[in-house]
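Reading through the structure tokens given below for one structure.
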Amino acid sequence: MFQILFAISILMVFRIVFQIVRERRCIDDETLNNFRFGKLKKKNPTEHRRVISHLGICDKCAERLQNLNFGKEIDDHLIEP
């Protein structure tokens with residue numbers, strides 16, 4: 001009985017750590033565009049929530065989304081004039 005509870009506890013801790021690491025991973029361009037156009041909410045609500053959470057902690061991705069919304073290319077802000 002103890003071994004089963006221990007195994008379940010380990011799995012729960014692993015799941016929590018996996019979710020934290022997954023949230024910290026930056027958003028790829030396709031997912032960011034799907035989020036921007038509202039497609040992600042319909043196709044994958046879990047991923048939609050992850051993107052919202054990630055945008056709250058990652059200035060880099062938030063800036064990329066803002067640049068997309070103003071019609072700039074993703075890499076425009078990386079090129080010096």
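In the structure tokens, the first chain shown is A, the next is B, and so on; residue numbers restart at 1 for each chain, and ligands run from 1 in the order shown.
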| Near-Ile57 (chain A) list (12 Å; only C-alpha atoms; drop same-chain fewer than 3 positions) as a list in words |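 Here the qualifying residues turn out to be Ile20, Glu23, Arg24, Arg25, Cys26, Ile27, Arg50, Val51, Ile52, Ser53, His54, Lys60, Cys61, Ala62 and Glu63 of chain A.
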| request: Could you jot down the CA of Leu32 (chain A) to CA of Arg64 (chain A) separation for me, Å, one decimal place? | output: 8.6 Å
| request: Kindly give the distance, in Å, that separates CA of Gln66 (chain A) and CA of Asn33 (chain A), rounded to a single decimal. | output: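 So the answer is 11.2 Å.
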Sorted per-residue table, region 13-57 of chain A near region 5-8 of chain A, closest atoms and distance, 12 Å, only C-alpha atoms, as a Markdown table:
```
| residue | atom | partner | partner_atom | distance |
| --- | --- | --- | --- | --- |
| A:Val13 | CA | A:Ile8 | CA | 8.7 |
| A:Phe14 | CA | A:Ile8 | CA | 9.8 |
| A:Arg15 | CA | A:Ile8 | CA | 10.5 |
```
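We find CA of Thr31 (chain A) and CA of Asn44 (chain A) to be spaced 10.2 Å apart.
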| task | Determine which residues of chain A DSSP labels as helix (DSSP H, G or I) from the backbone of this structure, then write them out as a PyMOL selection string. | result | chain A and resi 2-24+29-36+39-43+45-57+59-69+76-78
| query | Leaving out Phe37 (chain A) and any residue of its chain fewer than 5 positions from it, which residues lie within 12 Å of it when counting only C-alpha atoms, given as a list in words? | reply |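 So, after excluding close chain neighbours, the residues are Glu30, Thr31, Leu32, Lys42, Lys43, His48, Leu65, Leu68 and Asn69 of chain A.
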Serialized selection, N, CA and C atoms, as a compact mmCIF listing (two decimals), in the first residue's frame:
```txt
# COMPACT_ATOMS: atom_id res chain seq x y z
N GLU A 30 3.99 29.63 -35.08
CA GLU A 30 2.69 29.13 -35.53
C GLU A 30 1.66 29.21 -34.40
N THR A 31 2.06 28.80 -33.21
CA THR A 31 1.15 28.86 -32.06
C THR A 31 0.80 30.30 -31.72
N LEU A 32 1.78 31.19 -31.79
CA LEU A 32 1.54 32.60 -31.50
C LEU A 32 0.55 33.19 -32.50
N LYS A 42 -10.22 27.51 -29.96
CA LYS A 42 -11.15 26.49 -30.46
C LYS A 42 -10.45 25.15 -30.64
N LYS A 43 -9.23 25.18 -31.20
CA LYS A 43 -8.52 23.94 -31.51
C LYS A 43 -7.94 23.25 -30.28
N HIS A 48 -4.13 27.16 -25.35
CA HIS A 48 -4.55 28.56 -25.27
C HIS A 48 -4.27 29.11 -23.87
N LEU A 65 4.37 39.12 -29.79
CA LEU A 65 2.94 39.21 -30.07
C LEU A 65 2.55 40.65 -30.37
N LEU A 68 3.67 41.50 -33.84
CA LEU A 68 2.78 40.89 -34.83
C LEU A 68 1.49 41.69 -34.96
N ASN A 69 0.97 42.15 -33.86
CA ASN A 69 -0.29 42.89 -33.89
C ASN A 69 -0.15 44.24 -34.59
```
